[in-house]
>>> print(open('structure.cif').read())   # mmCIF, C-alpha atoms
data_entry
loop_
_atom_site.label_atom_id
_atom_site.label_comp_id
_atom_site.auth_asym_id
_atom_site.auth_seq_id
_atom_site.Cartn_x
_atom_site.Cartn_y
_atom_site.Cartn_z
CA MET A 24 10.49 24.21 27.61
CA LEU A 25 13.92 24.46 26.05
CA ILE A 26 16.80 22.53 27.57
CA ASN A 27 20.08 23.89 26.29
CA PHE A 28 22.91 21.45 25.79
CA ASP A 29 24.58 23.64 23.16
CA ASN A 30 26.64 25.72 25.55
CA ALA A 31 29.85 25.20 23.56
CA ALA A 32 28.30 27.52 20.96
CA THR A 33 27.23 30.07 23.55
CA THR A 34 26.14 29.64 27.14
CA PHE A 35 22.49 30.05 28.00
CA PRO A 36 21.03 30.94 30.42
CA LYS A 37 23.30 33.65 31.78
CA PRO A 38 23.89 34.22 35.50
CA GLU A 39 21.62 36.73 37.25
CA ASN A 40 24.47 39.15 37.92
CA VAL A 41 25.31 39.16 34.19
CA LYS A 42 21.74 40.14 33.31
CA LYS A 43 21.87 42.89 35.92
CA ALA A 44 25.24 44.10 34.63
CA ALA A 45 23.82 44.39 31.10
CA LEU A 46 20.87 46.43 32.26
CA TYR A 47 23.03 48.61 34.51
CA ALA A 48 25.48 49.25 31.65
CA VAL A 49 22.70 50.28 29.28
CA GLU A 50 21.25 52.61 31.89
CA ARG A 51 24.48 54.12 33.21
CA PHE A 52 27.38 53.65 30.80
CA GLY A 53 25.90 55.40 27.79
CA GLY A 54 29.00 57.39 26.89
CA ASN A 55 31.71 56.48 24.42
CA ALA A 56 34.69 55.10 26.35
CA GLY A 57 37.95 57.00 25.86
CA ARG A 58 36.32 59.57 23.61
CA GLY A 59 35.72 62.63 25.73
CA GLY A 60 36.26 64.51 28.96
CA HIS A 61 32.64 64.93 30.01
CA GLU A 62 31.13 62.96 32.84
CA LEU A 63 29.25 60.42 30.75
CA SER A 64 32.33 59.52 28.73
CA MET A 65 34.63 59.46 31.77
CA ARG A 66 32.22 57.28 33.74
CA THR A 67 31.97 54.85 30.83
CA SER A 68 35.75 54.87 30.38
CA GLU A 69 36.24 54.03 34.05
CA ALA A 70 33.76 51.16 33.77
CA LEU A 71 35.56 49.76 30.73
CA TYR A 72 38.90 49.95 32.53
CA SER A 73 37.43 48.09 35.50
CA ALA A 74 36.28 45.36 33.09
CA ARG A 75 39.82 45.20 31.67
CA GLU A 76 41.23 44.88 35.17
CA THR A 77 38.89 42.00 36.03
CA VAL A 78 39.72 40.14 32.81
CA ALA A 79 43.45 40.83 33.15
CA GLU A 80 43.58 39.60 36.72
CA PHE A 81 41.64 36.45 35.81
CA PHE A 82 44.13 35.52 33.09
CA GLY A 83 47.28 36.86 34.73
CA ALA A 84 47.71 39.74 32.29
CA GLU A 85 47.99 43.53 32.38
CA PRO A 86 44.89 45.67 31.76
CA GLU A 87 46.61 47.53 28.92
CA ASN A 88 47.23 44.25 27.11
CA THR A 89 43.60 43.17 27.38
CA VAL A 90 41.70 43.88 24.17
CA PHE A 91 37.94 43.58 23.79
CA THR A 92 36.86 42.16 20.44
CA LEU A 93 33.57 41.14 18.82
CA ASN A 94 34.15 37.44 19.43
CA CYS A 95 36.94 34.87 19.47
CA THR A 96 37.04 34.63 15.67
CA TYR A 97 37.90 38.32 15.43
CA ALA A 98 40.52 37.96 18.14
CA LEU A 99 42.13 34.99 16.36
CA ASN A 100 42.11 36.76 13.00
CA MET A 101 43.69 39.82 14.58
CA ALA A 102 46.35 37.71 16.24
CA ILE A 103 47.11 35.45 13.27
CA GLN A 104 47.14 38.16 10.62
CA GLY A 105 48.77 40.64 12.97
CA ILE A 106 51.65 38.35 13.84
CA MET A 107 52.12 36.78 10.39
CA ASN A 108 52.02 40.19 8.68
CA GLY A 109 55.59 39.94 7.42
CA GLY A 110 55.32 36.32 6.28
CA GLY A 111 57.05 33.26 7.66
CA HIS A 112 56.01 29.79 8.71
CA MET A 113 53.06 28.96 10.94
CA ILE A 114 51.94 25.72 12.57
CA ILE A 115 48.36 24.92 13.58
CA SER A 116 46.90 21.72 15.03
CA SER A 117 44.81 19.21 13.11
CA ILE A 118 41.71 19.91 15.20
CA GLU A 119 41.48 23.68 14.81
CA HIS A 120 38.24 25.58 14.41
CA ASN A 121 37.71 27.42 11.12
CA SER A 122 38.48 30.66 12.95
CA VAL A 123 42.10 29.49 12.94
CA ALA A 124 42.12 27.20 9.91
CA ARG A 125 40.50 29.64 7.47
CA PRO A 126 42.69 32.70 8.07
CA ALA A 127 45.72 30.40 8.08
CA ALA A 128 44.66 28.70 4.84
CA LYS A 129 43.91 32.06 3.20
CA LEU A 130 47.35 33.46 4.08
CA ALA A 131 48.94 30.29 2.74
CA ALA A 132 46.83 30.28 -0.45
CA ASP A 133 47.86 33.89 -1.08
CA LYS A 134 51.47 32.73 -0.62
CA LYS A 135 51.98 35.18 2.22
CA ILE A 136 52.99 32.44 4.67
CA SER A 137 53.82 28.76 4.66
CA LEU A 138 51.58 26.57 6.77
CA SER A 139 52.01 23.22 8.51
CA ILE A 140 49.39 21.19 10.32
CA ALA A 141 50.49 19.22 13.37
CA LYS A 142 48.60 15.99 13.89
CA VAL A 143 46.91 15.64 17.25
CA TYR A 144 47.04 12.28 19.02
CA PRO A 145 45.21 11.04 22.09
CA GLU A 146 48.60 10.85 23.83
CA ASN A 147 49.99 14.27 24.74
CA GLN A 148 53.62 13.32 24.19
CA LYS A 149 52.92 12.28 20.60
CA THR A 150 51.07 15.55 19.96
CA VAL A 151 53.96 17.61 21.32
CA GLU A 152 56.35 15.60 19.16
CA SER A 153 54.32 16.31 16.04
CA PHE A 154 54.59 20.05 16.74
CA ARG A 155 58.31 19.75 17.51
CA LYS A 156 59.04 18.02 14.20
CA LEU A 157 57.43 20.83 12.21
CA ILE A 158 59.38 23.71 13.75
CA ARG A 159 61.69 25.43 11.26
CA ASP A 160 64.10 28.33 11.45
CA ASP A 161 61.44 30.63 9.99
CA THR A 162 58.57 29.42 12.20
CA LYS A 163 56.98 32.56 13.53
CA ALA A 164 53.82 31.35 15.25
CA VAL A 165 52.09 28.28 16.58
CA VAL A 166 48.31 28.51 16.86
CA CYS A 167 46.61 25.88 18.90
CA THR A 168 43.30 25.35 20.60
CA ILE A 169 43.47 24.62 24.32
CA ALA A 170 40.48 22.29 23.95
CA GLY A 171 38.92 21.27 20.64
CA ASN A 172 35.37 22.39 19.96
CA VAL A 173 34.18 19.09 18.44
CA THR A 174 35.27 16.46 20.96
CA GLY A 175 36.57 18.73 23.71
CA GLN A 176 40.01 17.11 23.67
CA ILE A 177 42.45 19.06 25.79
CA LEU A 178 45.78 19.68 24.06
CA PRO A 179 49.12 19.80 25.91
CA CYS A 180 49.37 23.58 25.64
CA ARG A 181 51.97 24.07 28.36
CA GLU A 182 54.36 21.69 26.62
CA ILE A 183 53.67 23.26 23.22
CA ALA A 184 54.17 26.71 24.77
CA ASP A 185 57.49 25.53 26.18
CA LEU A 186 58.58 24.47 22.69
CA CYS A 187 57.62 27.90 21.39
CA ARG A 188 59.46 29.74 24.16
CA LYS A 189 62.66 27.79 23.50
CA ASN A 190 62.46 28.63 19.79
CA ASN A 191 61.29 32.25 20.16
CA ILE A 192 58.00 31.45 18.45
CA CYS A 193 54.80 33.32 19.24
CA PHE A 194 52.30 30.95 20.85
CA ILE A 195 48.68 31.90 20.12
CA ALA A 196 46.10 29.90 22.07
CA ASP A 197 42.40 29.56 21.31
CA GLY A 198 40.68 29.36 24.68
CA SER A 199 37.07 29.34 23.47
CA GLN A 200 36.18 25.97 24.93
CA ALA A 201 38.53 26.15 27.90
CA CYS A 202 38.27 29.61 29.48
CA GLY A 203 35.89 29.65 32.42
CA ILE A 204 36.16 25.87 32.76
CA MET A 205 39.92 25.47 33.11
CA ASP A 206 42.21 27.84 34.98
CA ILE A 207 44.08 29.44 32.07
CA LYS A 208 46.85 31.95 32.70
CA LEU A 209 49.32 33.67 30.39
CA SER A 210 52.00 32.27 32.69
CA ASP A 211 51.19 28.86 31.14
CA GLY A 212 53.42 30.14 28.34
CA ILE A 213 50.75 31.74 26.17
CA ASN A 214 51.87 34.87 24.32
CA ILE A 215 48.43 35.70 22.93
CA LEU A 216 45.25 34.23 24.35
CA CYS A 217 42.10 34.56 22.24
CA THR A 218 38.76 33.63 23.66
CA ALA A 219 35.04 34.23 23.52
CA GLY A 220 33.35 36.32 26.17
CA HIS A 221 29.96 34.68 25.65
CA LYS A 222 30.82 31.02 26.23
CA GLY A 223 32.46 29.81 29.45
CA LEU A 224 32.91 33.40 30.64
CA TYR A 225 29.10 33.89 30.58
CA GLY A 226 29.08 37.34 28.97
CA ILE A 227 26.62 38.23 26.23
CA THR A 228 27.10 37.47 22.53
CA GLY A 229 29.23 39.97 20.65
CA THR A 230 32.10 39.71 23.11
CA GLY A 231 35.59 38.32 22.67
CA LEU A 232 39.04 38.88 24.08
CA LEU A 233 42.57 39.13 22.82
CA ILE A 234 45.00 39.07 25.71
CA SER A 235 48.69 39.57 25.03
CA ASP A 236 51.75 39.23 27.21
CA GLY A 237 53.22 42.11 25.19
CA LYS A 238 56.22 40.16 23.87
CA PHE A 239 55.14 40.07 20.22
CA ARG A 240 53.91 43.11 18.31
CA ILE A 241 50.50 42.57 16.72
CA ASN A 242 50.08 44.57 13.54
CA PRO A 243 46.51 45.93 13.49
CA ILE A 244 44.33 44.61 10.67
CA ILE A 245 41.66 47.24 11.28
CA GLN A 246 42.42 50.95 11.49
CA GLY A 247 40.22 53.75 12.71
CA GLY A 248 39.28 55.89 15.66
CA THR A 249 40.97 55.02 18.92
CA GLY A 250 40.15 58.10 20.98
CA SER A 251 43.75 59.28 21.05
CA SER A 252 46.31 60.75 18.64
CA SER A 253 43.43 61.80 16.42
CA GLU A 254 45.67 64.32 14.65
CA SER A 255 47.70 61.47 13.13
CA LEU A 256 46.79 59.40 10.08
CA VAL A 257 48.84 56.55 11.51
CA GLN A 258 47.16 53.96 13.72
CA PRO A 259 48.58 54.26 17.28
CA ASP A 260 50.98 51.43 18.02
CA ILE A 261 49.73 50.91 21.52
CA LEU A 262 47.49 48.36 23.19
CA PRO A 263 44.64 47.99 23.82
CA GLU A 264 43.31 50.92 21.79
CA GLY A 265 45.49 50.16 18.76
CA LEU A 266 43.52 46.94 18.32
CA GLU A 267 40.17 48.39 19.37
CA SER A 268 39.33 50.79 16.55
CA GLY A 269 35.77 51.99 16.78
CA THR A 270 33.42 52.08 19.71
CA VAL A 271 33.89 49.23 22.16
CA ASN A 272 30.91 47.10 23.18
CA ILE A 273 30.78 48.52 26.68
CA THR A 274 27.65 46.60 27.68
CA GLY A 275 29.29 43.42 26.48
CA ALA A 276 32.50 44.18 28.36
CA MET A 277 30.55 44.77 31.57
CA THR A 278 28.79 41.42 31.17
CA VAL A 279 32.14 39.67 30.69
CA LYS A 280 33.33 41.30 33.91
CA ALA A 281 30.17 40.10 35.68
CA GLY A 282 30.57 36.63 34.18
CA ILE A 283 34.11 36.35 35.52
CA GLU A 284 32.92 37.50 38.93
CA PHE A 285 30.28 34.77 38.79
CA ILE A 286 32.92 32.17 37.89
CA ARG A 287 35.16 33.30 40.75
CA LYS A 288 32.29 33.11 43.21
CA THR A 289 31.18 29.67 41.97
CA GLY A 290 34.71 28.29 41.69
CA ILE A 291 36.23 27.20 38.40
CA GLU A 292 36.91 23.69 39.72
CA ASN A 293 33.27 23.39 40.83
CA ILE A 294 32.08 24.43 37.38
CA PHE A 295 34.32 21.88 35.67
CA SER A 296 33.39 19.04 38.02
CA HIS A 297 29.66 19.80 37.76
CA GLU A 298 29.73 19.74 33.97
CA GLU A 299 32.08 16.76 33.82
CA LYS A 300 29.80 14.77 36.13
CA ILE A 301 26.90 15.42 33.76
CA CYS A 302 29.01 14.37 30.77
CA LYS A 303 30.14 11.14 32.45
CA ARG A 304 26.57 10.23 33.33
CA PHE A 305 25.47 11.03 29.78
CA ILE A 306 28.27 8.91 28.31
CA ASN A 307 27.52 6.00 30.64
CA GLU A 308 23.89 6.05 29.55
CA LEU A 309 24.77 6.25 25.84
CA LYS A 310 27.29 3.45 26.14
CA LYS A 311 24.45 1.06 26.92
CA ASP A 312 23.38 1.32 23.28
CA GLY A 313 25.74 -0.36 20.85
CA ARG A 314 24.47 1.80 17.97
CA ILE A 315 25.97 4.93 19.50
CA LYS A 316 29.53 5.97 18.72
CA ILE A 317 31.10 8.36 21.23
CA TYR A 318 34.15 10.31 20.08
CA ARG A 319 36.33 9.97 23.14
CA ASP A 320 39.56 8.08 23.70
CA VAL A 321 40.57 6.80 27.13
CA ARG A 322 44.12 8.06 26.54
CA ALA A 323 43.03 11.67 26.09
CA GLU A 324 41.61 14.31 28.42
CA TYR A 325 38.51 16.33 27.64
CA VAL A 326 36.61 19.44 28.67
CA PRO A 327 32.89 18.79 29.27
CA ILE A 328 31.85 18.23 25.66
CA VAL A 329 30.59 14.95 24.20
CA SER A 330 30.42 14.32 20.47
CA PHE A 331 28.48 11.28 19.31
CA ASN A 332 26.65 9.70 16.40
CA LEU A 333 23.83 7.22 16.11
CA ASN A 334 24.69 4.50 13.64
CA GLY A 335 22.89 5.06 10.35
CA ILE A 336 21.25 8.34 11.35
CA PRO A 337 22.72 11.62 10.04
CA PRO A 338 23.68 13.90 12.94
CA GLU A 339 21.47 16.74 11.73
CA LYS A 340 18.49 14.38 11.74
CA THR A 341 19.29 13.23 15.29
CA ALA A 342 19.52 16.85 16.50
CA SER A 343 16.32 17.87 14.76
CA LYS A 344 14.47 14.92 16.33
CA LEU A 345 15.77 15.92 19.77
CA ALA A 346 14.77 19.53 19.10
CA GLU A 347 11.16 18.36 18.78
CA TYR A 348 11.37 17.48 22.47
CA GLY A 349 12.93 20.81 23.41
CA TYR A 350 16.57 19.69 23.55
CA CYS A 351 19.08 22.07 21.99
CA LEU A 352 22.14 20.24 20.64
CA ARG A 353 24.34 21.22 17.75
CA ALA A 354 24.90 18.83 14.86
CA GLY A 355 27.10 18.89 11.78
CA LYS A 356 30.65 20.08 11.34
CA HIS A 357 30.66 22.72 14.11
CA CYS A 358 32.67 25.14 11.91
CA ALA A 359 35.64 22.81 12.23
CA ALA A 360 36.45 21.18 8.90
CA LEU A 361 39.93 20.09 10.00
CA ALA A 362 38.67 18.45 13.17
CA HIS A 363 36.20 16.31 11.23
CA LEU A 364 38.85 15.33 8.70
CA HIS A 365 40.93 14.31 11.70
CA LEU A 366 38.06 12.29 13.21
CA GLY A 367 36.90 10.82 9.91
CA THR A 368 33.37 12.08 10.50
CA GLU A 369 32.38 13.24 7.04
CA ASN A 370 28.79 14.04 8.05
CA GLY A 371 29.84 15.58 11.34
CA THR A 372 28.64 14.65 14.81
CA VAL A 373 26.03 15.59 17.37
CA ARG A 374 27.56 17.65 20.16
CA PHE A 375 26.38 17.71 23.77
CA SER A 376 27.76 20.54 25.88
CA PRO A 377 26.38 21.39 29.33
CA SER A 378 26.93 24.55 31.37
CA VAL A 379 27.02 25.29 35.07
CA PHE A 380 23.22 25.60 34.93
CA SER A 381 22.63 22.19 33.33
CA ARG A 382 21.00 19.42 35.33
CA GLU A 383 22.02 15.79 35.40
CA GLU A 384 18.45 14.50 35.26
CA ASN A 385 17.93 16.33 31.97
CA ALA A 386 21.03 14.66 30.53
CA VAL A 387 19.68 11.27 31.61
CA LYS A 388 16.29 12.00 30.03
CA LEU A 389 18.05 13.10 26.87
CA ALA A 390 20.14 9.91 26.75
CA TYR A 391 16.95 7.85 27.15
CA LEU A 392 15.40 9.74 24.26
CA ILE A 393 18.46 9.20 22.05
CA LYS A 394 18.44 5.48 22.77
CA ASN A 395 14.82 5.33 21.66
CA LEU A 396 15.29 7.15 18.38
CA MET B 29 54.15 73.07 45.33
CA ASN B 30 54.73 72.44 41.63
CA ASN B 31 52.03 70.82 39.62
CA CYS B 32 52.61 69.17 36.27
CA LEU B 33 50.85 67.48 33.44
CA ALA B 34 51.78 64.07 32.02
CA GLU B 35 50.35 63.45 28.56
CA MET B 36 49.24 59.85 28.19
CA PRO B 37 49.01 57.84 24.97
CA SER B 38 45.55 56.49 25.82
CA TYR B 39 42.82 56.52 28.41
CA THR B 40 43.87 53.03 29.52
CA TYR B 41 47.40 54.18 30.31
CA ALA B 42 46.00 57.29 31.98
CA VAL B 43 44.04 55.14 34.44
CA LYS B 44 46.99 52.81 34.95
CA ALA B 45 49.25 55.79 35.68
CA ALA B 46 46.75 57.48 37.98
CA LYS B 47 46.28 54.29 39.97
CA LEU B 48 50.02 53.74 40.28
CA LEU B 49 50.59 57.27 41.53
CA GLN B 50 47.57 57.42 43.82
CA SER B 51 48.55 54.11 45.45
CA ARG B 52 51.84 55.81 46.36
CA GLY B 53 50.15 58.80 47.92
CA ILE B 54 50.55 61.14 44.98
CA ASN B 55 47.58 63.40 44.37
CA CYS B 56 46.59 63.31 40.72
CA LYS B 57 43.61 63.12 38.41
CA ILE B 58 42.81 62.26 34.79
CA VAL B 59 41.94 65.22 32.60
CA ARG B 60 41.19 65.58 28.92
CA SER B 61 44.22 66.99 27.10
CA GLU B 62 43.73 70.56 25.93
CA LYS B 63 46.23 70.60 23.09
CA LYS B 64 45.78 67.10 21.61
CA CYS B 65 43.03 64.54 21.41
CA GLY B 66 43.67 62.32 24.39
CA TYR B 67 44.12 62.26 28.13
CA SER B 68 46.65 63.59 30.61
CA ILE B 69 47.38 63.14 34.29
CA GLU B 70 47.32 66.32 36.32
CA ILE B 71 49.82 65.72 39.10
CA HIS B 72 49.82 67.86 42.21
CA GLY B 73 53.42 67.97 43.45
CA ARG B 74 56.13 65.26 43.42
CA CYS B 75 56.48 65.54 39.65
CA ARG B 76 59.96 63.99 39.57
CA ASP B 77 58.85 61.07 41.78
CA SER B 78 55.85 60.55 39.51
CA ALA B 79 58.02 60.41 36.41
CA ASP B 80 60.33 57.89 38.10
CA ILE B 81 57.40 55.69 39.11
CA LEU B 82 55.89 55.72 35.63
CA ASN B 83 59.26 54.93 34.08
CA LYS B 84 59.83 52.11 36.55
CA TYR B 85 56.54 50.48 35.53
CA SER B 86 57.12 51.13 31.81
CA VAL B 87 54.08 53.35 31.53
CA PRO B 88 54.57 55.55 28.45
CA PHE B 89 54.00 59.28 28.99
CA ASN B 90 55.22 62.66 27.91
CA MET B 91 55.97 65.23 30.60
CA PRO B 92 57.26 68.57 29.39
CA ASN B 93 60.31 69.74 31.34
CA GLU B 94 58.66 72.87 32.59
CA PRO B 95 55.69 72.39 34.91
CA LEU B 96 52.56 73.35 33.05
CA LEU B 97 50.59 74.18 36.13
CA ARG B 98 51.69 75.86 39.30
CA GLY B 99 49.79 75.53 42.52
#
>>> encode(input="structure.cif", output="structure tokens")
Amino acid sequence: MLINFDNAATTFPKPENVKKAALYAVERFGGNAGRGGHELSMRTSEALYSARETVAEFFGAEPENTVFTLNCTYALNMAIQGIMNGGGHMIISSIEHNSVARPAAKLAADKKISLSIAKVYPENQKTVESFRKLIRDDTKAVVCTIAGNVTGQILPCREIADLCRKNNICFIADGSQACGIMDIKLSDGINILCTAGHKGLYGITGTGLLISDGKFRINPIIQGGTGSSSESLVQPDILPEGLESGTVNITGAMTVKAGIEFIRKTGIENIFSHEEKICKRFINELKKDGRIKIYRDVRAEYVPIVSFNLNGIPPEKTASKLAEYGYCLRAGKHCAALAHLHLGTENGTVRFSPSVFSREENAVKLAYLIKNL
Amino acid sequence: MNNCLAEMPSYTYAVKAAKLLQSRGINCKIVRSEKKCGYSIEIHGRCRDSADILNKYSVPFNMPNEPLLRG
């Protein structure tokens, strides 16, 4: 039997209503949304709009500013490249995922933008200060994860957003590890929220979201069919279709809608406290073994993710040993080169990440196994 | 009663507009545009009110001055 503690990569299993939504979408929404006037297309279009409404309401946005993407990486690339199109200065944090760090580094290497990296500290005030010090007259965007994907550290996004608002800077937030676990709203000061649909929102893989407050124009990086203004060779400058060239993953969108309905029914606070309780128990068990290093600092706050290493054992080896017993944990750099530079973990870490379906007794059994490696 | 057609820039805005109008008691429906690739709202009466509502909520649309349809 597989026991999944790699939910930060993608949640599994999915809620029952998500599975049903996928099947229902395949059976009923077989048209191409926004592409025709016949019943199949109109029915599919209505379904997609209802998914937009659900997502928009959940994040305090408008349906027309809610864009479905392939995943969070696509959403972040669209936001970063779309906002930094005309050049300027951009700031990212020192614990960003490669989905932020790589497009930012590429733009900087091509001399299209200048890039600064703000050091993250366990203390929120110090982190905010490091962003503040880097702001320049030409700073156009700040891109920051709400919670890091390696250790789960929660960044002071509201304070960083406030800095951005005061300086008329576009604040792009990566909500991959936070959405569905923390109550995130655009009213927190986020101009563009990018997130995965298949992680804490419990949709299927191949889903992501870009949610804008409409204040900053996002230049599309992909052009193509949008279902409207087909007579023009110019990409329509209107959301969401302007950023949704090509056929939208309607089945995926319907599962994201169902996932959000599941989260609402379960209660976001209940999900967080359930997962956090499992993490605390797991940490307490690991702490009994002096060989185990846990990457948490008492001064910082975390989403339910635990990164650790066993002294002298490479993380990949630890994870592969655990996999022999059916435990699914991710090891290595977690697509986050900057975060590991920040942590000083040159071989990476082993990451434990529960979901709402995880059970405490399995975390205890896992900790026992780790201590006996 | 005058009917009119509001051309919408996308299906998403067509639904948004239809919902806004219907919630205010205005009879309307989404139709596929005949002249251009896209969607329109067929509004049954209260065309001026409809235009004011859509403008108030910053919903982009194009409504020719002359009613396209007459009931």
>>> closest_residue(input="structure.cif", among="A:Gly313, A:Gly171, A:Gly265, A:Gly105", to="chain B", atoms="all atoms listed in the file")
A:Gly265
>>> resolve_selection(input="structure.cif", expression="the PyMOL selection byres ((chain A and resi 139) around 9)", output="tab-separated table (two decimals) with C-alpha atoms, keeping the file's coordinate frame")
chain	number	residue	atom	x	y	z
A	112	HIS	CA	56.01	29.79	8.71
A	113	MET	CA	53.06	28.96	10.94
A	114	ILE	CA	51.94	25.72	12.57
A	115	ILE	CA	48.36	24.92	13.58
A	116	SER	CA	46.90	21.72	15.03
A	137	SER	CA	53.82	28.76	4.66
A	138	LEU	CA	51.58	26.57	6.77
A	140	ILE	CA	49.39	21.19	10.32
A	141	ALA	CA	50.49	19.22	13.37
A	157	LEU	CA	57.43	20.83	12.21
>>> interface_residues(input="structure.cif", of="chain A", to="chain B", cutoff="12 Å", atoms="all atoms listed in the file", output="VMD selection string")
chain A and resid 55 to 62 64 to 76 85 to 90 237 248 to 255 259 to 265 267
>>> residues_around(input="structure.cif", residues="region 77-84 of chain B", least_positions_apart="6", cutoff="9 Å", atoms="all atoms listed in the file", output="VMD selection string")
chain B and resid 34 45 48 to 49 54 71 91
>>> residues_around(input="structure.cif", residues="Val321 (chain A)", least_positions_apart="3", cutoff="12 Å", atoms="only C-alpha atoms", output="count of residues only")
8
>>> atom_distance(input="structure.cif", atom1="CA of Asn90 (chain B)", atom2="CA of Glu80 (chain A)")
27.3 Å
>>> resolve_selection(input="structure.cif", expression="the PyMOL selection byres ((chain A and resi 104) around 9)", output="PDB file with C-alpha atoms, in the frame of the given file")
ATOM      1  CA  LEU A  99      42.130  34.990  16.360  1.00  0.00           C
ATOM      2  CA  ASN A 100      42.110  36.760  13.000  1.00  0.00           C
ATOM      3  CA  MET A 101      43.690  39.820  14.580  1.00  0.00           C
ATOM      4  CA  ALA A 102      46.350  37.710  16.240  1.00  0.00           C
ATOM      5  CA  ILE A 103      47.110  35.450  13.270  1.00  0.00           C
ATOM      6  CA  GLY A 105      48.770  40.640  12.970  1.00  0.00           C
ATOM      7  CA  ILE A 106      51.650  38.350  13.840  1.00  0.00           C
ATOM      8  CA  MET A 107      52.120  36.780  10.390  1.00  0.00           C
ATOM      9  CA  ASN A 108      52.020  40.190   8.680  1.00  0.00           C
ATOM     10  CA  PRO A 126      42.690  32.700   8.070  1.00  0.00           C
ATOM     11  CA  ALA A 127      45.720  30.400   8.080  1.00  0.00           C
ATOM     12  CA  LEU A 130      47.350  33.460   4.080  1.00  0.00           C
ATOM     13  CA  ILE A 241      50.500  42.570  16.720  1.00  0.00           C
ATOM     14  CA  ASN A 242      50.080  44.570  13.540  1.00  0.00           C
ATOM     15  CA  PRO A 243      46.510  45.930  13.490  1.00  0.00           C
ATOM     16  CA  ILE A 244      44.330  44.610  10.670  1.00  0.00           C
TER      17      ILE A 244
END
>>> resolve_selection(input="structure.cif", expression="the PyMOL selection byres ((chain A and resi 97) around 9)", output="list in words")
Thr92, Leu93, Asn94, Cys95, Thr96, Ala98, Leu99, Asn100, Met101, Ala102, Ser122, Cys217, Gly231, Leu232 and Leu233 of chain A
>>> atom_distance(input="structure.cif", atom1="CA of Lys288 (chain A)", atom2="CA of Ala48 (chain A)")
21.0 Å
